[in-house]
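File shown: input.cif. Contents: mmCIF, C-alpha atoms and all ligand atoms.
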data_query
#
loop_
_atom_site.label_atom_id
_atom_site.label_comp_id
_atom_site.auth_asym_id
_atom_site.auth_seq_id
_atom_site.Cartn_x
_atom_site.Cartn_y
_atom_site.Cartn_z
CA MET A 1 205.81 12.43 133.22
CA MET A 2 202.19 11.83 134.16
CA GLY A 3 199.34 11.99 131.73
CA ILE A 4 201.19 12.54 128.47
CA ALA A 5 198.49 13.24 125.95
CA LEU A 6 199.95 11.98 122.79
CA ALA A 7 201.10 8.81 121.23
CA LEU A 8 202.92 10.81 118.62
CA SER A 9 205.22 13.69 119.05
CA GLY A 10 208.52 14.94 117.88
CA LEU A 11 210.37 13.97 114.78
CA ALA A 12 213.80 12.44 114.60
CA VAL A 13 215.85 12.76 111.46
CA THR A 14 217.98 9.94 110.21
CA ALA A 15 220.06 9.98 107.08
CA GLY A 16 221.72 7.13 105.29
CA SER A 17 225.45 6.85 104.76
CA GLY A 18 224.98 7.53 101.08
CA ALA A 19 226.70 4.37 99.92
CA GLY A 20 226.16 3.81 96.23
CA ALA A 21 227.88 2.46 93.17
CA GLY A 22 230.87 4.13 91.50
CA GLY A 23 232.71 7.43 92.01
CA PRO A 24 233.61 9.18 95.22
CA GLU A 25 230.59 9.62 97.44
CA PRO A 26 229.42 13.09 98.43
CA ARG A 27 230.04 13.74 102.12
CA ARG A 28 227.39 14.37 104.72
CA PHE A 29 227.46 17.69 106.57
CA GLU A 30 225.28 18.54 109.52
CA ALA A 31 224.91 21.61 111.75
CA VAL A 32 222.48 22.89 114.38
CA GLU A 33 221.72 26.43 115.49
CA THR A 34 218.97 27.82 117.69
CA HIS A 35 216.54 30.18 116.00
CA MET A 36 212.90 31.04 116.68
CA GLY A 37 213.40 29.52 120.14
CA SER A 38 214.05 26.08 118.61
CA PRO A 39 216.95 24.05 117.29
CA PHE A 40 217.25 24.23 113.51
CA ARG A 41 219.17 21.27 112.11
CA ILE A 42 220.52 21.20 108.57
CA ILE A 43 221.85 18.10 106.87
CA LEU A 44 223.30 18.23 103.37
CA TYR A 45 225.43 16.17 100.99
CA THR A 46 228.13 17.53 98.71
CA HIS A 47 231.68 16.85 97.55
CA ASP A 48 232.65 20.44 98.24
CA GLU A 49 233.41 21.24 101.88
CA ALA A 50 233.77 24.98 101.25
CA ALA A 51 230.40 25.08 99.49
CA ALA A 52 228.86 23.18 102.42
CA SER A 53 230.04 25.69 105.00
CA ARG A 54 229.02 28.66 102.83
CA GLY A 55 225.61 27.06 102.33
CA LEU A 56 225.10 26.33 106.03
CA ARG A 57 226.03 29.90 106.95
CA ALA A 58 223.67 31.37 104.36
CA ALA A 59 220.79 29.06 105.27
CA PHE A 60 221.05 29.85 108.99
CA ALA A 61 221.35 33.56 108.16
CA ARG A 62 218.11 33.29 106.18
CA VAL A 63 216.35 31.75 109.20
CA ALA A 64 217.78 34.44 111.50
CA ALA A 65 216.51 37.17 109.16
CA LEU A 66 213.05 35.57 109.13
CA ASP A 67 213.08 35.44 112.92
CA ARG A 68 213.76 39.20 113.01
CA ALA A 69 210.77 39.75 110.71
CA LEU A 70 208.27 37.25 112.15
CA SER A 71 209.00 36.89 115.87
CA ASP A 72 206.27 37.65 118.38
CA TYR A 73 208.75 37.40 121.27
CA ASP A 74 211.15 40.13 120.09
CA PRO A 75 209.47 43.54 120.62
CA GLU A 76 211.70 44.97 117.86
CA SER A 77 210.66 42.45 115.19
CA GLU A 78 208.95 43.77 112.08
CA LEU A 79 205.81 41.88 113.13
CA MET A 80 205.71 43.54 116.56
CA ARG A 81 206.27 47.00 115.10
CA LEU A 82 203.38 46.33 112.74
CA CYS A 83 201.20 45.40 115.73
CA ASP A 84 202.27 48.61 117.50
CA ALA A 85 200.81 50.48 114.50
CA ALA A 86 197.37 48.78 114.80
CA GLY A 87 194.55 51.27 114.41
CA GLY A 88 196.72 53.58 112.30
CA PRO A 89 197.15 53.87 108.55
CA PRO A 90 198.35 50.91 106.41
CA VAL A 91 201.99 49.91 106.98
CA LYS A 92 204.39 48.79 104.24
CA ALA A 93 205.61 45.23 104.90
CA SER A 94 208.73 43.34 103.81
CA GLY A 95 208.22 40.66 101.16
CA ASP A 96 208.59 37.88 103.73
CA LEU A 97 206.22 39.32 106.31
CA PHE A 98 203.61 40.08 103.64
CA GLU A 99 203.93 36.58 102.17
CA VAL A 100 203.49 34.86 105.56
CA LEU A 101 200.54 37.10 106.43
CA ALA A 102 198.91 36.40 103.06
CA ARG A 103 199.33 32.64 103.53
CA SER A 104 198.01 32.92 107.08
CA ARG A 105 194.98 34.81 105.86
CA ALA A 106 194.36 32.20 103.16
CA MET A 107 194.57 29.39 105.75
CA ALA A 108 192.24 31.31 108.07
CA ASP A 109 189.70 31.54 105.25
CA ARG A 110 190.11 27.90 104.19
CA SER A 111 189.86 26.57 107.76
CA GLY A 112 186.84 28.65 108.73
CA GLY A 113 189.02 30.55 111.22
CA ALA A 114 190.45 27.48 112.98
CA PHE A 115 193.90 28.82 112.03
CA ASP A 116 193.92 32.52 112.79
CA PRO A 117 197.02 34.78 112.92
CA THR A 118 195.08 37.31 115.02
CA VAL A 119 194.61 34.81 117.87
CA ALA A 120 197.59 36.43 119.70
CA PRO A 121 195.62 38.13 122.52
CA ALA A 122 194.14 34.75 123.54
CA VAL A 123 197.49 32.95 123.09
CA ARG A 124 199.06 35.48 125.46
CA LEU A 125 196.48 34.77 128.14
CA TRP A 126 197.34 31.07 127.83
CA ARG A 127 201.07 31.71 127.98
CA ARG A 128 200.49 33.54 131.24
CA ALA A 129 198.20 30.71 132.44
CA ARG A 130 201.06 28.31 131.79
CA ARG A 131 203.51 30.38 133.81
CA GLU A 132 201.10 30.95 136.68
CA ARG A 133 199.32 27.59 136.43
CA LYS A 134 196.04 29.42 136.76
CA LEU A 135 193.18 29.57 134.24
CA PRO A 136 192.64 32.91 132.49
CA ASP A 137 189.75 34.96 133.81
CA PRO A 138 186.65 34.38 131.57
CA ASP A 139 186.22 38.13 131.26
CA ALA A 140 189.78 38.52 130.01
CA ILE A 141 189.15 35.75 127.46
CA ARG A 142 186.01 37.53 126.24
CA LYS A 143 187.91 40.80 125.86
CA ALA A 144 190.75 39.04 124.03
CA LEU A 145 188.28 37.40 121.62
CA ASP A 146 186.85 40.82 120.72
CA ARG A 147 190.22 41.54 119.10
CA VAL A 148 190.43 38.20 117.22
CA GLY A 149 189.35 37.66 113.62
CA ALA A 150 191.32 37.50 110.38
CA SER A 151 189.04 40.10 108.78
CA LYS A 152 190.52 42.65 111.23
CA MET A 153 193.68 42.48 109.12
CA THR A 154 193.51 44.10 105.65
CA LEU A 155 196.18 43.15 103.13
CA ASP A 156 196.83 45.15 99.98
CA PRO A 157 199.01 43.00 97.70
CA ALA A 158 199.56 45.75 95.10
CA ALA A 159 200.91 48.24 97.67
CA ARG A 160 202.21 45.42 99.92
CA THR A 161 200.68 47.10 102.95
CA VAL A 162 198.92 45.78 106.04
CA ARG A 163 196.30 47.54 108.10
CA LEU A 164 195.25 46.24 111.50
CA GLU A 165 192.16 47.32 113.39
CA PRO A 166 192.80 48.84 116.82
CA GLY A 167 194.06 46.38 119.42
CA VAL A 168 194.82 43.61 116.92
CA LYS A 169 197.92 41.53 117.67
CA LEU A 170 199.45 38.90 115.42
CA ASP A 171 201.05 35.54 116.20
CA LEU A 172 202.74 33.61 113.41
CA GLY A 173 203.95 30.78 115.69
CA GLY A 174 201.74 28.29 113.83
CA ILE A 175 203.36 28.91 110.43
CA ALA A 176 206.73 30.69 110.78
CA LYS A 177 208.96 27.68 111.44
CA GLY A 178 207.59 25.77 108.47
CA TYR A 179 208.10 28.80 106.24
CA ALA A 180 211.64 29.29 107.58
CA SER A 181 212.65 25.65 107.06
CA GLN A 182 211.43 25.82 103.47
CA GLU A 183 213.23 29.11 102.82
CA ALA A 184 216.48 27.75 104.25
CA LEU A 185 216.15 24.75 101.93
CA GLY A 186 215.56 27.13 99.01
CA THR A 187 218.69 29.08 99.95
CA LEU A 188 220.72 25.87 99.80
CA ARG A 189 219.24 24.87 96.47
CA ALA A 190 219.99 28.30 94.98
CA MET A 191 223.62 27.82 96.05
CA GLY A 192 223.87 24.50 94.21
CA LEU A 193 223.13 22.33 97.28
CA PRO A 194 219.81 20.61 96.50
CA VAL A 195 220.55 17.43 98.50
CA ALA A 196 219.54 18.79 101.87
CA LEU A 197 217.06 18.65 104.72
CA VAL A 198 216.18 21.46 107.15
CA ALA A 199 214.41 20.67 110.43
CA GLY A 200 213.20 23.59 112.53
CA ALA A 201 212.16 21.48 115.52
CA GLY A 202 209.15 19.52 114.18
CA ASP A 203 208.94 21.52 110.95
CA ILE A 204 210.97 19.71 108.32
CA ALA A 205 211.61 20.60 104.68
CA ALA A 206 213.24 17.81 102.66
CA GLY A 207 215.00 18.42 99.33
CA ASP A 208 216.57 15.97 96.89
CA PRO A 209 217.27 12.62 98.57
CA PRO A 210 220.65 11.49 99.92
CA PRO A 211 222.87 9.56 97.49
CA GLY A 212 221.51 6.12 96.70
CA ARG A 213 218.29 6.72 98.60
CA ALA A 214 214.72 7.22 97.39
CA GLY A 215 214.06 9.85 100.04
CA TRP A 216 214.93 11.24 103.45
CA SER A 217 213.83 8.97 106.30
CA VAL A 218 211.90 10.89 108.91
CA ASP A 219 210.72 9.04 112.00
CA VAL A 220 207.42 10.02 113.53
CA ALA A 221 207.94 8.57 117.01
CA PRO A 222 205.87 8.34 120.16
CA LEU A 223 207.69 9.72 123.19
CA ASP A 224 205.51 8.16 125.82
CA GLY A 225 202.99 5.43 126.39
CA PRO A 226 203.13 1.97 124.89
CA GLY A 227 205.91 1.60 122.37
CA ALA A 228 207.85 4.64 123.60
CA GLY A 229 211.02 5.19 121.66
CA ARG A 230 209.95 2.95 118.80
CA PRO A 231 209.19 4.86 115.62
CA GLU A 232 205.46 4.96 115.00
CA ARG A 233 206.05 5.35 111.29
CA THR A 234 209.06 6.22 109.19
CA LEU A 235 208.22 8.51 106.31
CA ARG A 236 210.23 8.65 103.11
CA LEU A 237 210.24 12.18 101.77
CA ARG A 238 211.78 13.95 98.79
CA ASN A 239 210.99 17.55 97.96
CA LEU A 240 208.21 17.57 100.51
CA ALA A 241 207.69 19.15 103.93
CA VAL A 242 206.32 17.60 107.11
CA SER A 243 205.09 19.24 110.29
CA THR A 244 203.83 17.77 113.54
CA SER A 245 201.61 19.63 115.97
CA GLY A 246 200.04 18.61 119.22
CA ASP A 247 200.14 19.17 122.93
CA ALA A 248 202.90 16.72 123.82
CA GLU A 249 205.45 19.31 124.85
CA ARG A 250 203.69 22.58 125.36
CA PHE A 251 200.65 22.47 127.59
CA VAL A 252 199.46 23.47 131.02
CA GLU A 253 197.59 21.21 133.41
CA ILE A 254 195.16 23.02 135.70
CA GLY A 255 192.59 21.27 137.87
CA GLY A 256 193.38 17.94 136.21
CA VAL A 257 192.67 19.25 132.69
CA ARG A 258 195.39 19.64 130.08
CA TYR A 259 195.23 22.74 127.93
CA SER A 260 197.29 22.90 124.76
CA HIS A 261 199.30 25.92 123.57
CA ILE A 262 197.01 25.82 120.54
CA VAL A 263 193.94 27.96 121.11
CA ASP A 264 190.52 27.47 119.55
CA PRO A 265 189.75 30.97 118.22
CA THR A 266 186.00 30.44 118.67
CA THR A 267 186.24 29.78 122.42
CA GLY A 268 189.55 31.42 123.34
CA LEU A 269 190.45 28.24 125.24
CA GLY A 270 193.49 26.03 124.88
CA LEU A 271 192.55 22.73 123.23
CA THR A 272 191.81 19.92 125.65
CA THR A 273 191.51 17.04 123.18
CA ARG A 274 194.65 15.00 123.33
CA MET A 275 195.78 14.86 119.78
CA SER A 276 198.77 14.95 117.50
CA VAL A 277 198.65 15.72 113.80
CA THR A 278 201.41 15.10 111.26
CA VAL A 279 200.93 16.83 107.92
CA VAL A 280 202.98 16.33 104.77
CA ALA A 281 202.65 19.04 102.12
CA ARG A 282 204.49 20.48 99.14
CA ASP A 283 205.98 23.30 101.21
CA GLY A 284 206.76 24.00 104.83
CA ALA A 285 204.38 26.90 105.46
CA THR A 286 201.46 24.86 104.14
CA ALA A 287 202.36 21.82 106.29
CA ASP A 288 202.84 24.01 109.38
CA ALA A 289 199.65 26.05 109.05
CA LEU A 290 197.64 22.95 108.17
CA ASP A 291 198.74 20.99 111.23
CA THR A 292 197.73 23.80 113.57
CA ALA A 293 194.38 24.22 111.81
CA ALA A 294 193.84 20.44 111.82
CA CYS A 295 194.46 20.24 115.58
CA VAL A 296 191.71 22.81 116.15
CA LEU A 297 189.31 21.19 113.68
CA GLY A 298 189.81 17.60 114.90
CA PRO A 299 190.13 14.50 112.71
CA GLU A 300 186.82 14.63 110.89
CA ARG A 301 186.94 18.22 109.63
CA GLY A 302 190.74 18.36 109.70
CA LEU A 303 191.08 15.44 107.28
CA ALA A 304 188.71 17.14 104.86
CA LEU A 305 190.79 20.34 104.99
CA VAL A 306 194.01 18.41 104.33
CA ALA A 307 192.40 16.36 101.55
CA SER A 308 191.33 19.57 99.80
CA THR A 309 194.95 20.80 99.76
CA PRO A 310 196.82 19.62 96.63
CA GLY A 311 199.67 17.27 97.55
CA ALA A 312 198.90 17.21 101.28
CA GLU A 313 198.44 14.12 103.47
CA ALA A 314 197.93 13.74 107.21
CA LEU A 315 197.97 11.32 110.12
CA PHE A 316 195.94 12.11 113.24
CA VAL A 317 196.35 10.32 116.54
CA ARG A 318 193.70 11.03 119.15
CA ARG A 319 194.06 9.61 122.62
CA SER A 320 190.90 8.65 124.45
CA PRO A 321 190.22 6.46 127.48
CA ALA A 322 189.47 3.62 125.06
CA GLY A 323 192.95 3.93 123.52
CA ASP A 324 194.56 5.73 120.62
CA GLU A 325 192.49 6.31 117.52
CA ARG A 326 194.28 6.85 114.23
CA PHE A 327 192.93 8.62 111.19
CA GLU A 328 194.78 9.26 107.96
CA THR A 329 194.21 10.55 104.48
CA PRO A 330 194.16 7.80 101.84
CA GLY A 331 197.54 8.82 100.37
CA PHE A 332 199.42 8.98 103.68
CA ARG A 333 200.31 5.30 103.47
CA SER A 334 202.27 5.87 100.25
CA LEU A 335 204.70 8.11 102.19
CA VAL A 336 205.46 5.46 104.81
CA GLU A 337 208.71 3.56 104.28
CA PRO A 338 208.23 -0.14 103.67
CA ALA A 339 209.26 -2.13 106.76
CA PRO A 340 212.80 -3.55 106.44
CA ALA A 341 212.96 -7.23 105.60
CA PRO A 342 213.21 -9.31 108.80
P1 LIG A 401 202.12 24.62 115.93
O1 LIG A 401 203.03 23.99 116.91
O2 LIG A 401 202.64 24.71 114.55
O3 LIG A 401 200.76 24.02 115.96
O4 LIG A 401 201.94 26.16 116.36
C1 LIG A 401 201.46 26.49 117.62
C2 LIG A 401 201.60 27.98 117.83
O5 LIG A 401 200.71 28.66 116.95
C3 LIG A 401 201.23 28.44 119.22
O6 LIG A 401 202.34 28.39 120.08
C4 LIG A 401 200.77 29.86 118.97
O7 LIG A 401 201.90 30.71 118.84
C5 LIG A 401 200.12 29.76 117.61
N1 LIG A 401 198.68 29.45 117.66
C6 LIG A 401 197.96 28.94 118.69
N2 LIG A 401 196.67 28.74 118.33
C7 LIG A 401 196.57 29.13 117.03
C8 LIG A 401 195.50 29.18 116.08
N3 LIG A 401 194.27 28.75 116.39
N4 LIG A 401 195.77 29.67 114.85
C9 LIG A 401 197.01 30.09 114.53
N5 LIG A 401 198.06 30.06 115.36
C10 LIG A 401 197.85 29.58 116.60
MG MG A 402 201.78 24.61 112.74
#

Produce C-alpha cells that represent the structure in this file.
Ligand code: AMP
Ligand code: MG
Amino acid sequence: MMGIALALSGLAVTAGSGAGAGGPEPRRFEAVETHMGSPFRIILYTHDEAAASRGLRAAFARVAALDRALSDYDPESELMRLCDAAGGPPVKASGDLFEVLARSRAMADRSGGAFDPTVAPAVRLWRRARRERKLPDPDAIRKALDRVGASKMTLDPAARTVRLEPGVKLDLGGIAKGYASQEALGTLRAMGLPVALVAGAGDIAAGDPPPGRAGWSVDVAPLDGPGAGRPERTLRLRNLAVSTSGDAERFVEIGGVRYSHIVDPTTGLGLTTRMSVTVVARDGATADALDTAACVLGPERGLALVASTPGAEALFVRRSPAGDERFETPGFRSLVEPAPAP
C-alpha cells in the first residue's frame, strides 16, 4: 500500500505457555467473536474448562449488550434512539450509556473539546467522503459544526437523564471499545476468572498475568515502512488497559492528502498529520478516549493531557518527511518489556 502514514499500528497479543514450578498448570483458553464491527479476542487461564466456557459466553454477551446500547451504526441502539429524541425533554438512560456519556463529557472538558462525543455530524460527512472519495462540501462542514459541542448535551446524574439540543448526534466510537473490553474483563473477574485479557481490536484490557509471568506481553508493531513486522515495543501489562489510535487503517486519500477517520472538532476536518498514539491507562475507557483526544491534540499538548491522568502513559509516533519522531511520557519506558538476552 502506498503512503502508509504510520510507523505504529495494530496490536498483536501473545501469551506465554504458563510454564511454572509445581502443580498442574492452568490451561489457556482463547476465543474470538465479532462485535462493534471488530474482532474481540479473549484469552484466559483456568483449570476449569466449564468455567472457561461459561466465562467466555458471559463476557461476549456483555460486549454484545454494550454494542446494543452504544452503537452509532444500529438505528435501534439506545444511543440512536436518544439522538432521535434530540430537542425534546430529557431521556432516561441505561447505567452503561449514562456512564459512557459522563466519561465522554469529562474527557471533552479535560481535552478542551479535542475529544467530543457530539462530533457525529462531522464524522458522518467524513464517512461519506471515504465512500465517495470526495471531500465534504465546506458549507456542509460548517452546518455540521453548528451542531457540535459537548455543552449541547446536558447530563443529570441524579435522575440519570440526558438532554440533547436540537440536531445533536452522538458518536461513541472513540471510547466504546475500550469501555467494552474493560467490562468484559470485569465480567470474567466477577466469575472467578481474573487471569484474562480482552482485546477489542486495538483496545486491550489486561487482568492478572498468565501463570509464571509478570504481565501480559502486548506487541505494539509497525505494519509498514522500515522494520515492518518487527515489534516496535513489547509492553508488559497487568491490570492495565492499552489503546492505539491513528490513521493507519481508516483514512481516505483525496487529492494526495490523507484524511484520518478522527475529526478535529474545531475545524470539522479529518486529521492530516500522520500519527499513531498508544495510551496505557488504568481502565479501557480512559485509554481509548485519551488516545483519540491525543491524536487531535498532537504530541506536545497530548502528552500533557496524558501526564495529567493518574496512571496513564503514552507513546506518540509522528511521521514527517524527515523521518519518524517519537515522543513518550517519562513512565512509558517502565511498561516496555526488557529485551530478551541475546
Ligand atoms: P479511535 O480509533 O479510538 O481513535 O476512535 C475513532 C472514532 O472515534 C472514529 O471512528 C469516530 O467514530 C470517533 N471520533 C472521531 N473523531 C472524534 C473526536 N474528535 N472525538 C471523539 N470521537 C471521535
Ligand atoms: Mg479511542

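Atom pair atom CA of Ala214 of chain A / atom CA of Tyr179 of chain A has a distance of 24.2 Å (rounded to one decimal).
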
Q.
List as a list of chain:residue names the protein and nucleic acid residues lying within 6 Å of ligand MG 402 (chain A), with all atoms listed in the file counted.
A. A:Gly174, A:Ile175, A:Ser245, A:Asp288, A:Ala289, A:Asp291, A:Thr292

Output the neighbourhood of ligand LIG 401 (chain A) as a short mmCIF file (atom, residue, chain, number, x, y, z; two decimals) with C-alpha atoms, in the coordinates of the input, that is, all protein and nucleic acid residues with some atom at most 8 Å from the ligand, counting all atoms listed in the file.
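Output file part_15.cif follows:
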data_model
loop_
_atom_site.label_atom_id
_atom_site.label_comp_id
_atom_site.auth_asym_id
_atom_site.auth_seq_id
_atom_site.Cartn_x
_atom_site.Cartn_y
_atom_site.Cartn_z
CA ALA A 108 192.24 31.31 108.07
CA GLY A 113 189.02 30.55 111.22
CA ALA A 114 190.45 27.48 112.98
CA PHE A 115 193.90 28.82 112.03
CA ASP A 116 193.92 32.52 112.79
CA PRO A 117 197.02 34.78 112.92
CA THR A 118 195.08 37.31 115.02
CA VAL A 119 194.61 34.81 117.87
CA ALA A 120 197.59 36.43 119.70
CA VAL A 123 197.49 32.95 123.09
CA ASP A 171 201.05 35.54 116.20
CA LEU A 172 202.74 33.61 113.41
CA GLY A 173 203.95 30.78 115.69
CA GLY A 174 201.74 28.29 113.83
CA ILE A 175 203.36 28.91 110.43
CA LYS A 177 208.96 27.68 111.44
CA GLY A 178 207.59 25.77 108.47
CA ASP A 203 208.94 21.52 110.95
CA SER A 243 205.09 19.24 110.29
CA THR A 244 203.83 17.77 113.54
CA SER A 245 201.61 19.63 115.97
CA GLY A 246 200.04 18.61 119.22
CA ARG A 250 203.69 22.58 125.36
CA HIS A 261 199.30 25.92 123.57
CA ILE A 262 197.01 25.82 120.54
CA VAL A 263 193.94 27.96 121.11
CA ASP A 264 190.52 27.47 119.55
CA PRO A 265 189.75 30.97 118.22
CA GLY A 270 193.49 26.03 124.88
CA ASP A 288 202.84 24.01 109.38
CA ALA A 289 199.65 26.05 109.05
CA ASP A 291 198.74 20.99 111.23
CA THR A 292 197.73 23.80 113.57
CA ALA A 293 194.38 24.22 111.81
CA CYS A 295 194.46 20.24 115.58
CA VAL A 296 191.71 22.81 116.15
#

Set the distance at 12 Å and use all atoms listed in the file: which residues neighbour Asp146 of chain A once local chain neighbours fewer than 5 positions away are removed? I'd like the list as a compact mmCIF listing (two decimals) with C-alpha atoms, in the frame of the given file.
# COMPACT_ATOMS: atom_id res chain seq x y z
CA THR A 118 195.08 37.31 115.02
CA VAL A 119 194.61 34.81 117.87
CA ALA A 120 197.59 36.43 119.70
CA PRO A 121 195.62 38.13 122.52
CA ALA A 122 194.14 34.75 123.54
CA ASP A 139 186.22 38.13 131.26
CA ALA A 140 189.78 38.52 130.01
CA ILE A 141 189.15 35.75 127.46
CA LYS A 152 190.52 42.65 111.23
CA GLU A 165 192.16 47.32 113.39
CA PRO A 166 192.80 48.84 116.82
CA GLY A 167 194.06 46.38 119.42
CA VAL A 168 194.82 43.61 116.92
CA LYS A 169 197.92 41.53 117.67
CA PRO A 265 189.75 30.97 118.22
CA THR A 266 186.00 30.44 118.67
CA THR A 267 186.24 29.78 122.42
CA GLY A 268 189.55 31.42 123.34

Q: Might you pull out every residue within 9 Å of Ser260 of chain A, with all atoms listed in the file counted and same-chain residues fewer than 2 positions away left off, and present them as a ChimeraX atom specification?
A: /A:126,246-253,258,262-263,269-274

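Between Glu313 of chain A and the residues A:Ala180, A:Leu297, A:Met275, A:Val242, the shortest atom-to-atom distance, using only C-alpha atoms, involves A:Val242.
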
(Q) Taking (212.2, 17.6, 100.8) in the coordinates of the supplied file, I want to know which residues reach to within 12 Å of it, counting all atoms listed in the file; could you give the answer as a ChimeraX atom specification? (A) /A:42-44,181-186,188-189,194-199,203-210,214-218,235-243,280-284

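We find atom CA of Val63 of chain A and atom CA of Thr286 of chain A to be spaced 17.2 Å apart.
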
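When atom CA of Val277 of chain A is paired with atom CA of Leu97 of chain A, their separation reads 25.9 Å.
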
**Q.** Selection near segment 80-88 of chain A, 9 Å with all atoms listed in the file, sequence-local residues under 4 positions removed, as a VMD selection string
**A.** chain A and resid 69 to 76 92 to 93 162 to 170

Selection near Ser53 of chain A, 12 Å with all atoms listed in the file, sequence-local residues under 2 positions removed, as a tab-separated table (two decimals) with C-alpha atoms, in the frame of the given file:
chain	number	residue	atom	x	y	z
A	28	ARG	CA	227.39	14.37	104.72
A	29	PHE	CA	227.46	17.69	106.57
A	30	GLU	CA	225.28	18.54	109.52
A	31	ALA	CA	224.91	21.61	111.75
A	42	ILE	CA	220.52	21.20	108.57
A	43	ILE	CA	221.85	18.10	106.87
A	44	LEU	CA	223.30	18.23	103.37
A	45	TYR	CA	225.43	16.17	100.99
A	46	THR	CA	228.13	17.53	98.71
A	47	HIS	CA	231.68	16.85	97.55
A	48	ASP	CA	232.65	20.44	98.24
A	49	GLU	CA	233.41	21.24	101.88
A	50	ALA	CA	233.77	24.98	101.25
A	51	ALA	CA	230.40	25.08	99.49
A	55	GLY	CA	225.61	27.06	102.33
A	56	LEU	CA	225.10	26.33	106.03
A	57	ARG	CA	226.03	29.90	106.95
A	58	ALA	CA	223.67	31.37	104.36
A	59	ALA	CA	220.79	29.06	105.27
A	60	PHE	CA	221.05	29.85	108.99
A	188	LEU	CA	220.72	25.87	99.80
A	191	MET	CA	223.62	27.82	96.05
A	193	LEU	CA	223.13	22.33	97.28

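Considering only C-alpha atoms, the residue among A:Pro90, A:Ala285, A:Ala314, A:Ile254 positioned nearest to Arg131 of chain A is A:Ile254.
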
Q.
With distances taken over only C-alpha atoms, which residue among A:Arg213, A:Arg133, A:Arg68, A:Arg160 lies nearest Ala102 of chain A?
A. A:Arg160

**Q.** Shortest interatomic distance to Gly37 of chain A - which of A:Ala176, A:Leu145, A:Leu125, A:Val317, counting only C-alpha atoms
**A.** A:Ala176

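The nearest approach to Pro24 of chain A among the residues A:Pro39, A:Val336, A:Arg127, A:Pro211, with all atoms listed in the file taken into account, belongs to A:Pro211.
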